[in-house]
Amino acid sequence: MSVAASIRQQLTPIHREGYPFIGGFAVATLVLFWLWPPLGWLGLIATLWCVYFFRDPLRVTPILEGIVVAPADGRVCQVVSMVPPRELELGERPLRRVSIFMNVFDCHINRSPVAGRIERIVYRAGKFISADLDKASEDNERNAFLIVTGNGQRVAVVQIAGLIARRIVCFAREGDSLGAGQRIGMIRFGSRVDVYLPEGTRVLAGEGQIAIAGETLIADLAARETEPAFQRG
């Protein structure tokens, strides 16, 4: 293996959504260096942070029917029972909800928590209050996915904009078939993702736990002892 190929293997890929922002930061940095070098160094730090923010690392996802993996990197801020958003039409009974808060240093690529088909995608405009607050699930701008597994179980994933997030990006469409851990979207600059689980699901995540999208097991739709296989993606 050549030295160049070895170096490329160590570098984390950048998602294409980040190129316009990285380019803008880089141009601004050059201007700041021209105006006053100390400002240019601050611009360079901001540019490097932007590159880091838009990273899109490969993940190794467990392969086992019925498992639920984390849809986002970040801290599990809540494990509660709540009524899901009305637009998902999942009824008025509370369901177990696992919420993951992403700060501005977490990877913001969101992934499907389960294998299945997207039955519905619904976008709702809203506010931009801090995403780690409970009322953010109802008040903030959000984009919701309803995914039906091969066994007919419905799992909902809700991307929620945060205090400084101003753009929810969706990579998938209604009717798409997904594998667990497949990329479905991203939220720019701090946000949260909620997962609503069907009744009878065994929750494996705990509040305060650090989750890795596509890798960390957060729930099991059917308790079992079988060990999962793994896939890269």
# chains A, B, ... in the order shown; residues from 1 in each chain; ligands from 1

$ select_by_dssp --residues "segment 21-182 of chain A" --states "strand (DSSP E)" --output "count of residues only"
56

$ residues_around --residues "Val158 of chain A" --least-positions-apart "5" --cutoff "8 Å" --atoms "only C-alpha atoms" --output "compact mmCIF listing (two decimals) with C-alpha atoms, in the first residue's frame"
# COMPACT_ATOMS: atom_id res chain seq x y z
CA ARG A 142 -38.72 18.79 13.10
CA ASN A 143 -38.69 16.11 10.44
CA ALA A 144 -40.26 12.76 11.31
CA PHE A 145 -39.80 9.32 9.73
CA VAL A 193 -33.06 12.98 17.54
CA ASP A 194 -35.98 11.14 19.20
CA VAL A 195 -36.80 7.47 18.62

$ residues_around --residues "segment 119-127 of chain A" --least-positions-apart "5" --cutoff "8 Å" --atoms "only C-alpha atoms" --output "list of chain:residue names"
A:Glu87, A:Leu88, A:Asp139, A:Asn140, A:Glu141, A:Arg142, A:Asn143, A:Ala144, A:Phe145, A:Leu146, A:Ile147, A:Val148, A:Arg173, A:Glu174, A:Gly175

$ write_last_selection --atoms "N, CA and C atoms" --output "compact mmCIF listing (two decimals), in the first residue's frame"
# COMPACT_ATOMS: atom_id res chain seq x y z
N GLU A 87 -48.50 13.96 13.84
CA GLU A 87 -48.38 13.75 12.39
C GLU A 87 -47.98 12.32 12.02
N LEU A 88 -47.48 11.57 12.99
CA LEU A 88 -47.10 10.19 12.71
C LEU A 88 -48.27 9.22 12.82
N ASP A 139 -42.29 21.79 20.21
CA ASP A 139 -42.25 23.17 19.74
C ASP A 139 -41.29 23.43 18.58
N ASN A 140 -40.21 22.66 18.50
CA ASN A 140 -39.17 22.98 17.53
C ASN A 140 -39.47 22.47 16.13
N GLU A 141 -38.78 23.05 15.16
CA GLU A 141 -38.82 22.52 13.80
C GLU A 141 -38.37 21.06 13.83
N ARG A 142 -39.06 20.21 13.06
CA ARG A 142 -38.72 18.79 13.10
C ARG A 142 -39.06 18.10 11.79
N ASN A 143 -38.42 16.96 11.59
CA ASN A 143 -38.69 16.11 10.44
C ASN A 143 -38.81 14.68 10.97
N ALA A 144 -39.97 14.06 10.72
CA ALA A 144 -40.26 12.76 11.31
C ALA A 144 -40.33 11.67 10.25
N PHE A 145 -39.74 10.51 10.58
CA PHE A 145 -39.80 9.32 9.73
C PHE A 145 -40.60 8.25 10.46
N LEU A 146 -41.49 7.58 9.77
CA LEU A 146 -42.15 6.40 10.32
C LEU A 146 -41.66 5.21 9.51
N ILE A 147 -40.95 4.30 10.18
CA ILE A 147 -40.33 3.16 9.51
C ILE A 147 -41.03 1.88 9.96
N VAL A 148 -41.42 1.07 8.99
CA VAL A 148 -42.09 -0.20 9.27
C VAL A 148 -41.09 -1.34 9.05
N ARG A 173 -36.48 9.05 1.07
CA ARG A 173 -37.82 9.36 0.57
C ARG A 173 -38.80 8.32 1.07
N GLU A 174 -40.08 8.71 1.07
CA GLU A 174 -41.12 7.75 1.43
C GLU A 174 -41.07 6.56 0.47
N GLY A 175 -41.20 5.36 1.02
CA GLY A 175 -41.15 4.15 0.22
C GLY A 175 -39.77 3.52 0.14

$ closest_residue --among "A:Ile212, A:Ile63, A:Val203, A:Ile168" --to "Val79 of chain A" --atoms "only C-alpha atoms"
A:Val203

$ closest_residue --among "A:Leu32, A:Ile14, A:Val27, A:Ala211" --to "Phe54 of chain A" --atoms "only C-alpha atoms"
A:Ile14

$ select_by_dssp --residues "segment 48-140 of chain A" --states "helix (DSSP H, G or I)" --output "list in words"
Leu48, Trp49, Cys50, Val51, Tyr52, Phe53, Arg86, Glu87, Leu88, Ala136, Ser137, Glu138 and Asp139 of chain A

$ write_last_selection --atoms "N, CA and C atoms" --output "short mmCIF file (atom, residue, chain, number, x, y, z; two decimals), in the first residue's frame"
data_model
loop_
_atom_site.label_atom_id
_atom_site.label_comp_id
_atom_site.auth_asym_id
_atom_site.auth_seq_id
_atom_site.Cartn_x
_atom_site.Cartn_y
_atom_site.Cartn_z
N LEU A 48 -11.29 24.66 10.35
CA LEU A 48 -10.98 23.29 10.78
C LEU A 48 -12.14 22.68 11.55
N TRP A 49 -12.80 23.51 12.39
CA TRP A 49 -13.98 23.00 13.10
C TRP A 49 -15.08 22.63 12.11
N CYS A 50 -15.26 23.43 11.06
CA CYS A 50 -16.30 23.15 10.07
C CYS A 50 -16.01 21.82 9.36
N VAL A 51 -14.75 21.58 9.03
CA VAL A 51 -14.36 20.30 8.42
C VAL A 51 -14.71 19.16 9.37
N TYR A 52 -14.38 19.34 10.65
CA TYR A 52 -14.65 18.31 11.66
C TYR A 52 -16.14 18.07 11.81
N PHE A 53 -16.93 19.14 11.77
CA PHE A 53 -18.38 19.02 11.96
C PHE A 53 -19.02 18.18 10.87
N ARG A 86 -48.33 13.97 16.62
CA ARG A 86 -49.61 13.64 15.98
C ARG A 86 -49.45 13.30 14.50
N GLU A 87 -48.50 13.96 13.84
CA GLU A 87 -48.38 13.75 12.39
C GLU A 87 -47.98 12.32 12.02
N LEU A 88 -47.48 11.57 12.99
CA LEU A 88 -47.10 10.19 12.71
C LEU A 88 -48.27 9.22 12.82
N ALA A 136 -38.85 20.82 23.39
CA ALA A 136 -38.34 20.90 22.03
C ALA A 136 -39.00 19.87 21.12
N SER A 137 -39.41 18.73 21.68
CA SER A 137 -40.04 17.68 20.89
C SER A 137 -41.34 18.15 20.26
N GLU A 138 -42.03 19.08 20.91
CA GLU A 138 -43.31 19.58 20.40
C GLU A 138 -43.18 20.91 19.69
N ASP A 139 -42.29 21.79 20.21
CA ASP A 139 -42.25 23.17 19.74
C ASP A 139 -41.29 23.43 18.58
#

$ atom_distance --atom1 "atom CA of Ala180 of chain A" --atom2 "atom CA of Leu217 of chain A"
10.8 Å

$ closest_residue --among "A:Arg93, A:His15, A:Arg202, A:Arg75" --to "Asp106 of chain A" --atoms "only C-alpha atoms"
A:Arg75

$ residues_around --residues "Arg154 of chain A" --least-positions-apart "2" --cutoff "10 Å" --atoms "only C-alpha atoms" --output "compact mmCIF listing (two decimals) with N, CA and C atoms, in the first residue's frame"
# COMPACT_ATOMS: atom_id res chain seq x y z
N LEU A 90 -49.65 7.62 15.30
CA LEU A 90 -49.37 6.41 16.08
C LEU A 90 -50.28 6.27 17.30
N VAL A 114 -33.41 1.14 12.50
CA VAL A 114 -33.88 -0.22 12.22
C VAL A 114 -33.86 -0.47 10.71
N GLY A 116 -36.02 -1.53 7.55
CA GLY A 116 -37.44 -1.48 7.22
C GLY A 116 -37.72 -0.55 6.06
N ARG A 117 -38.98 -0.22 5.88
CA ARG A 117 -39.43 0.65 4.79
C ARG A 117 -40.00 1.93 5.37
N ILE A 118 -39.67 3.06 4.75
CA ILE A 118 -40.20 4.35 5.21
C ILE A 118 -41.64 4.49 4.76
N GLU A 119 -42.55 4.46 5.70
CA GLU A 119 -43.97 4.58 5.38
C GLU A 119 -44.39 6.04 5.25
N LEU A 146 -41.49 7.58 9.77
CA LEU A 146 -42.15 6.40 10.32
C LEU A 146 -41.66 5.21 9.51
N ILE A 147 -40.95 4.30 10.18
CA ILE A 147 -40.33 3.16 9.51
C ILE A 147 -41.03 1.88 9.96
N VAL A 148 -41.42 1.07 8.99
CA VAL A 148 -42.09 -0.20 9.27
C VAL A 148 -41.09 -1.34 9.05
N THR A 149 -40.88 -2.15 10.07
CA THR A 149 -39.93 -3.26 9.97
C THR A 149 -40.55 -4.42 9.20
N GLY A 150 -39.75 -5.44 8.93
CA GLY A 150 -40.25 -6.61 8.22
C GLY A 150 -41.32 -7.36 8.98
N ASN A 151 -41.37 -7.17 10.31
CA ASN A 151 -42.39 -7.81 11.14
C ASN A 151 -43.61 -6.92 11.34
N GLY A 152 -43.65 -5.78 10.65
CA GLY A 152 -44.80 -4.89 10.76
C GLY A 152 -44.76 -3.96 11.95
N ALA A 156 -40.57 5.19 15.01
CA ALA A 156 -40.54 6.57 14.54
C ALA A 156 -39.21 7.22 14.91
N TYR A 196 -39.13 6.75 18.82
CA TYR A 196 -40.31 6.21 19.49
C TYR A 196 -40.42 4.72 19.17
N LEU A 197 -40.53 3.92 20.22
CA LEU A 197 -40.47 2.47 20.08
C LEU A 197 -41.83 1.83 20.32
N PRO A 198 -42.15 0.76 19.62
CA PRO A 198 -43.44 0.10 19.82
C PRO A 198 -43.54 -0.53 21.21
N GLU A 199 -44.77 -0.77 21.64
CA GLU A 199 -45.00 -1.39 22.95
C GLU A 199 -44.32 -2.75 23.01

$ residues_around --residues "Ile187 of chain A" --least-positions-apart "3" --cutoff "7 Å" --atoms "only C-alpha atoms" --output "PyMOL selection string"
chain A and resi 108+161+165+167-169+191
